[in-house]
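> Input: one structure, supplied below.
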Amino acid sequence: MISLTEVQPSGTDLVSQVEEIFSPTGILSRAKNFEFRPQQQEMAVAVARALAKQEHLAVEAGTGVGKSLAYLIPSILFAVQQKKKAIVSTHTINLQEQLTEKDLPMLTGVFAALAEPVKFSYAMLKGRANYLCTRRLQKAMQQSGNLFTSSEAEELQRIYEWSKETKDGSLSDFEIEPDGKVWAQVCSERGLCSPKTCGHQSDFARDHDACFFQRVRNRILSADVVILNHTLFFTLLGGVDEEMEGGILFKNDFVIFDEAHTMESVASRHIGLSVSSGQVRFSLNRLWNPRTEKGLLATLRQGPAVKMVAEILSESDKFLRTLKAPARRSRRPRGRNLAAVKAVLPGGASGRNCVSAAPNS
């Protein structure tokens, strides 16, 4: 399902350009602490060739090869030349920070020094629930008495004061993260935070700035390179229209998976649907919490609906208990099966330090 479409025939130019950049006398050689590594050049050329020919590529590179630059440079050049978007998906936060705080800023200067300078932009994509929606915050402040207990109202006030100082409006900008229940009432949520209601052209933005997620969304849509993690990638992938042409997450994009050895386990957790008693209870308690007598229904003064929530809570607990009972009875020790699997696995196939360049086909 992953492919590149309508690529112009500039493959030879891209491959030779990348080979020159990574050569002993290339522009990278002027960078501080640069050391020519044949393996890095070989990998970079392979990535460039795969992109140009619309092919898949899997690379296993040992520590010290410099694989990040080996896939970033050809990917950026290809994205700019072909007016595409490079999606770089990683597993760890450390690698995301390395890419956005070290490698990509450094490459901005490297590309500016080329004989024909190349300008590119990049952005990190986080899940929308990481961002404050200022419109929802305003609503929550107005309805605080019906939505929150006194301690939760104090937490809401802390979020409000933080909103006046934060730079990007994301959870990572907190010194101490807020209470999850309170944050769930003010963060960006699909269906409640959209360009129409919270974006730059919305009625809300006439009197206030567009909400933080909508600002980030504009930067993401215009960026040449987007960094995200595997979890978010596969979560978003499950919600993409299957009929969308020319891209995976965005129109005209292609994907580089770093730390690719973790993809299988992450994908298995985040593709598909799941439900738990905790999820059901959390969602229903947003409508009405019998213990605190707070919730959205209190703001709407819907007495009959409050009674229905209590009934659904009880029935959902019964339903999920009936599902768990057969599972407990059929549960058997699986130690022998696990040992058998280990016995047939190849001894040295660790799969670590993998990079997978995945154009869609």
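In the structure tokens, each chain is lettered A, B, ... as it comes, each chain's residues begin at 1, and ligands are numbered from 1 in order of appearance.
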Name all residues at most 12 Å from A:Asp173 (count only C-alpha atoms; drop same-chain ones fewer than 6 positions away) and give them as an mmCIF file with C-alpha atoms, in the first residue's frame.


data_model
loop_
_atom_site.group_PDB
_atom_site.id
_atom_site.type_symbol
_atom_site.label_atom_id
_atom_site.label_comp_id
_atom_site.auth_asym_id
_atom_site.auth_seq_id
_atom_site.Cartn_x
_atom_site.Cartn_y
_atom_site.Cartn_z
ATOM 1 C CA ASN A 130 -1.115 16.588 23.272
ATOM 2 C CA TYR A 131 -2.287 20.102 22.343
ATOM 3 C CA LEU A 132 -4.519 22.567 24.148
ATOM 4 C CA ILE A 159 -4.043 25.182 32.824
ATOM 5 C CA TRP A 162 -0.234 28.202 31.702
ATOM 6 C CA SER A 163 -2.081 28.846 28.414
ATOM 7 C CA GLU A 165 2.586 31.691 28.829
ATOM 8 C CA THR A 166 3.111 28.504 26.790
ATOM 9 C CA LYS A 167 4.854 28.704 23.445
#

> Can you pull out the residues contacting stretch 61-77 of chain A? Cut-off 8 Å, using only C-alpha atoms, and skip same-chain residues under 6 positions away; I want them as an MDAnalysis selection string.

chainID A and resid 14 18 37 39:41 43:45 47:48 51 86 99 103 107 118 120 224:225 256 353:355

> Using only N, CA and C atoms, please write the residues we just selected to a file, as a PDB file, in the first residue's frame.


ATOM      1  N   LEU A  14      19.746  12.738  -8.712  1.00  0.00           N
ATOM      2  CA  LEU A  14      19.637  12.630  -7.268  1.00  0.00           C
ATOM      3  C   LEU A  14      20.721  11.710  -6.714  1.00  0.00           C
ATOM      4  N   VAL A  18      23.753  12.929  -4.206  1.00  0.00           N
ATOM      5  CA  VAL A  18      23.920  12.366  -2.863  1.00  0.00           C
ATOM      6  C   VAL A  18      25.303  11.747  -2.714  1.00  0.00           C
ATOM      7  N   ARG A  37      32.768   8.014   5.799  1.00  0.00           N
ATOM      8  CA  ARG A  37      32.469   6.610   6.095  1.00  0.00           C
ATOM      9  C   ARG A  37      31.871   5.974   4.855  1.00  0.00           C
ATOM     10  N   GLN A  39      30.453   3.202   4.388  1.00  0.00           N
ATOM     11  CA  GLN A  39      29.157   2.560   4.638  1.00  0.00           C
ATOM     12  C   GLN A  39      28.029   3.591   4.641  1.00  0.00           C
ATOM     13  N   GLN A  40      28.318   4.777   5.180  1.00  0.00           N
ATOM     14  CA  GLN A  40      27.299   5.829   5.199  1.00  0.00           C
ATOM     15  C   GLN A  40      26.987   6.296   3.783  1.00  0.00           C
ATOM     16  N   GLN A  41      28.019   6.493   2.988  1.00  0.00           N
ATOM     17  CA  GLN A  41      27.813   6.902   1.601  1.00  0.00           C
ATOM     18  C   GLN A  41      27.038   5.837   0.832  1.00  0.00           C
ATOM     19  N   MET A  43      24.925   3.648   2.019  1.00  0.00           N
ATOM     20  CA  MET A  43      23.530   3.649   2.448  1.00  0.00           C
ATOM     21  C   MET A  43      22.767   4.837   1.854  1.00  0.00           C
ATOM     22  N   ALA A  44      23.374   6.014   1.871  1.00  0.00           N
ATOM     23  CA  ALA A  44      22.725   7.211   1.334  1.00  0.00           C
ATOM     24  C   ALA A  44      22.409   7.054  -0.143  1.00  0.00           C
ATOM     25  N   VAL A  45      23.346   6.502  -0.891  1.00  0.00           N
ATOM     26  CA  VAL A  45      23.137   6.270  -2.324  1.00  0.00           C
ATOM     27  C   VAL A  45      22.015   5.250  -2.540  1.00  0.00           C
ATOM     28  N   VAL A  47      19.453   4.689  -0.556  1.00  0.00           N
ATOM     29  CA  VAL A  47      18.184   5.353  -0.261  1.00  0.00           C
ATOM     30  C   VAL A  47      17.769   6.237  -1.435  1.00  0.00           C
ATOM     31  N   ALA A  48      18.719   7.002  -1.976  1.00  0.00           N
ATOM     32  CA  ALA A  48      18.420   7.876  -3.117  1.00  0.00           C
ATOM     33  C   ALA A  48      17.946   7.064  -4.310  1.00  0.00           C
ATOM     34  N   LEU A  51      14.354   5.730  -3.740  1.00  0.00           N
ATOM     35  CA  LEU A  51      13.355   6.777  -3.906  1.00  0.00           C
ATOM     36  C   LEU A  51      13.148   7.108  -5.382  1.00  0.00           C
ATOM     37  N   ALA A  86       8.303  14.215   3.118  1.00  0.00           N
ATOM     38  CA  ALA A  86       9.021  13.088   3.701  1.00  0.00           C
ATOM     39  C   ALA A  86       8.516  12.852   5.121  1.00  0.00           C
ATOM     40  N   LEU A  99      16.810  14.266  15.840  1.00  0.00           N
ATOM     41  CA  LEU A  99      16.512  14.705  14.474  1.00  0.00           C
ATOM     42  C   LEU A  99      16.089  16.167  14.424  1.00  0.00           C
ATOM     43  N   ASP A 103      20.158  17.181  14.014  1.00  0.00           N
ATOM     44  CA  ASP A 103      20.438  16.829  12.620  1.00  0.00           C
ATOM     45  C   ASP A 103      19.786  17.779  11.626  1.00  0.00           C
ATOM     46  N   LEU A 107      21.461  20.430   8.974  1.00  0.00           N
ATOM     47  CA  LEU A 107      21.302  20.262   7.528  1.00  0.00           C
ATOM     48  C   LEU A 107      20.739  21.517   6.863  1.00  0.00           C
ATOM     49  N   VAL A 118      19.370  24.790  -1.244  1.00  0.00           N
ATOM     50  CA  VAL A 118      18.082  24.116  -1.092  1.00  0.00           C
ATOM     51  C   VAL A 118      17.474  24.534   0.239  1.00  0.00           C
ATOM     52  N   PHE A 120      14.388  24.037   2.966  1.00  0.00           N
ATOM     53  CA  PHE A 120      13.364  23.074   3.347  1.00  0.00           C
ATOM     54  C   PHE A 120      12.858  23.413   4.747  1.00  0.00           C
ATOM     55  N   ASP A 224       8.226  20.211   4.575  1.00  0.00           N
ATOM     56  CA  ASP A 224       8.795  19.229   3.647  1.00  0.00           C
ATOM     57  C   ASP A 224       9.120  17.920   4.360  1.00  0.00           C
ATOM     58  N   VAL A 225       9.462  18.014   5.645  1.00  0.00           N
ATOM     59  CA  VAL A 225       9.818  16.834   6.444  1.00  0.00           C
ATOM     60  C   VAL A 225       8.980  16.838   7.718  1.00  0.00           C
ATOM     61  N   ILE A 256       9.957   7.047   5.714  1.00  0.00           N
ATOM     62  CA  ILE A 256      11.200   6.437   6.188  1.00  0.00           C
ATOM     63  C   ILE A 256      10.947   5.957   7.611  1.00  0.00           C
ATOM     64  N   ASN A 353      18.951  -1.608  14.756  1.00  0.00           N
ATOM     65  CA  ASN A 353      19.559  -0.587  13.900  1.00  0.00           C
ATOM     66  C   ASN A 353      19.065  -0.684  12.478  1.00  0.00           C
ATOM     67  N   CYS A 354      17.760  -0.985  12.331  1.00  0.00           N
ATOM     68  CA  CYS A 354      17.189  -1.120  10.995  1.00  0.00           C
ATOM     69  C   CYS A 354      16.569   0.194  10.538  1.00  0.00           C
ATOM     70  N   VAL A 355      16.678   0.453   9.251  1.00  0.00           N
ATOM     71  CA  VAL A 355      15.997   1.575   8.628  1.00  0.00           C
ATOM     72  C   VAL A 355      15.250   1.018   7.437  1.00  0.00           C
TER      73      VAL A 355
END

> Give the strand (DSSP E) residues of stretch 72-166 of chain A, as assigned by DSSP on the backbone, as a list in words.

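The residues of stretch 72-166 of chain A classed as strand (DSSP E) are Lys85, Ala86, Ile87, Val88, Ser89, Thr90, Tyr122, Ala123 and Met124 of chain A.
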
> Might you pull out every residue within 10 Å of A:Tyr160, with only C-alpha atoms counted and same-chain residues fewer than 6 positions away left off, and present them as a VMD selection string?

chain A and resid 132 134 137 to 138 141 154 186

> Let me see the file: selected residues, C-alpha atoms, as a compact mmCIF listing (two decimals), in the first residue's frame.


# COMPACT_ATOMS: atom_id res chain seq x y z
CA LEU A 132 -4.52 22.57 24.15
CA THR A 134 -8.15 27.29 23.53
CA LEU A 137 -10.62 25.78 27.40
CA GLN A 138 -12.83 28.86 27.21
CA MET A 141 -13.93 27.80 32.18
CA GLU A 154 -8.16 24.50 40.60
CA VAL A 186 -9.65 21.06 27.07

> Show which residues sit within 12 Å of A:His230, as a compact mmCIF listing (two decimals) with N, CA and C atoms, in the first residue's frame. Count only C-alpha atoms, and ignore same-chain residues fewer than 4 positions away.


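That gives us part-v3.txt:
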# COMPACT_ATOMS: atom_id res chain seq x y z
N ILE A 87 7.97 11.67 5.37
CA ILE A 87 7.52 11.29 6.71
C ILE A 87 8.61 10.43 7.33
N VAL A 88 9.16 10.84 8.46
CA VAL A 88 10.18 10.06 9.16
C VAL A 88 9.59 9.59 10.48
N SER A 89 9.44 8.28 10.59
CA SER A 89 8.83 7.70 11.79
C SER A 89 9.89 6.98 12.61
N THR A 90 9.95 7.28 13.90
CA THR A 90 10.93 6.67 14.81
C THR A 90 10.18 6.02 15.98
N HIS A 91 10.92 5.25 16.77
CA HIS A 91 10.29 4.59 17.92
C HIS A 91 10.52 5.37 19.22
N THR A 92 11.68 5.98 19.39
CA THR A 92 12.03 6.59 20.66
C THR A 92 11.99 8.12 20.60
N ILE A 93 11.68 8.72 21.74
CA ILE A 93 11.68 10.18 21.85
C ILE A 93 13.10 10.72 21.66
N LEU A 95 15.47 9.75 19.72
CA LEU A 95 15.82 9.90 18.31
C LEU A 95 15.05 11.05 17.68
N GLN A 96 13.79 11.22 18.05
CA GLN A 96 13.02 12.36 17.53
C GLN A 96 13.69 13.67 17.91
N LEU A 125 5.33 16.05 14.45
CA LEU A 125 3.90 15.80 14.59
C LEU A 125 3.65 14.98 15.85
N LYS A 126 2.83 15.50 16.75
CA LYS A 126 2.40 14.77 17.95
C LYS A 126 0.92 14.49 17.82
N GLY A 127 0.42 13.55 18.61
CA GLY A 127 -1.01 13.30 18.64
C GLY A 127 -1.76 14.54 19.06
N PHE A 234 0.89 4.55 13.11
CA PHE A 234 -0.06 3.47 12.89
C PHE A 234 -1.45 3.81 13.42
N THR A 235 -1.52 4.69 14.42
CA THR A 235 -2.82 5.16 14.88
C THR A 235 -3.49 5.99 13.79
N LEU A 236 -2.72 6.90 13.17
CA LEU A 236 -3.26 7.73 12.09
C LEU A 236 -3.57 6.90 10.86
N LEU A 237 -2.74 5.91 10.60
CA LEU A 237 -2.93 5.07 9.41
C LEU A 237 -4.29 4.38 9.44
N VAL A 255 7.55 7.47 3.15
CA VAL A 255 7.86 7.19 4.55
C VAL A 255 9.23 6.56 4.72
N ILE A 256 9.96 7.05 5.71
CA ILE A 256 11.20 6.44 6.19
C ILE A 256 10.95 5.96 7.61
N PHE A 257 11.10 4.66 7.87
CA PHE A 257 10.97 4.13 9.23
C PHE A 257 12.38 3.92 9.80
N ASP A 258 12.71 4.68 10.83
CA ASP A 258 13.94 4.41 11.57
C ASP A 258 13.56 3.55 12.77
N GLU A 259 14.54 2.83 13.32
CA GLU A 259 14.26 1.88 14.41
C GLU A 259 13.14 0.93 13.95
N ALA A 260 13.30 0.44 12.73
CA ALA A 260 12.24 -0.33 12.07
C ALA A 260 12.01 -1.69 12.72
N HIS A 261 12.96 -2.17 13.53
CA HIS A 261 12.78 -3.47 14.16
C HIS A 261 11.63 -3.48 15.16
N THR A 262 11.13 -2.29 15.56
CA THR A 262 10.02 -2.21 16.53
C THR A 262 8.67 -2.07 15.84
N MET A 263 8.66 -1.96 14.53
CA MET A 263 7.41 -1.66 13.81
C MET A 263 6.33 -2.72 14.02
N GLU A 264 6.72 -3.98 13.95
CA GLU A 264 5.72 -5.06 14.00
C GLU A 264 4.94 -5.03 15.31
N SER A 265 5.65 -4.89 16.43
CA SER A 265 4.96 -4.91 17.72
C SER A 265 4.09 -3.66 17.90
N VAL A 266 4.57 -2.51 17.42
CA VAL A 266 3.79 -1.28 17.56
C VAL A 266 2.54 -1.34 16.68
N ALA A 267 2.71 -1.82 15.45
CA ALA A 267 1.58 -1.91 14.52
C ALA A 267 0.50 -2.84 15.06
N SER A 268 0.91 -3.96 15.65
CA SER A 268 -0.06 -4.92 16.16
C SER A 268 -0.89 -4.34 17.29
N ARG A 269 -0.34 -3.37 18.01
CA ARG A 269 -1.07 -2.75 19.12
C ARG A 269 -2.00 -1.63 18.67
N HIS A 270 -1.68 -1.00 17.55
CA HIS A 270 -2.39 0.23 17.21
C HIS A 270 -3.19 0.17 15.92
N ILE A 271 -3.15 -0.93 15.19
CA ILE A 271 -4.03 -1.08 14.04
C ILE A 271 -5.19 -1.97 14.48
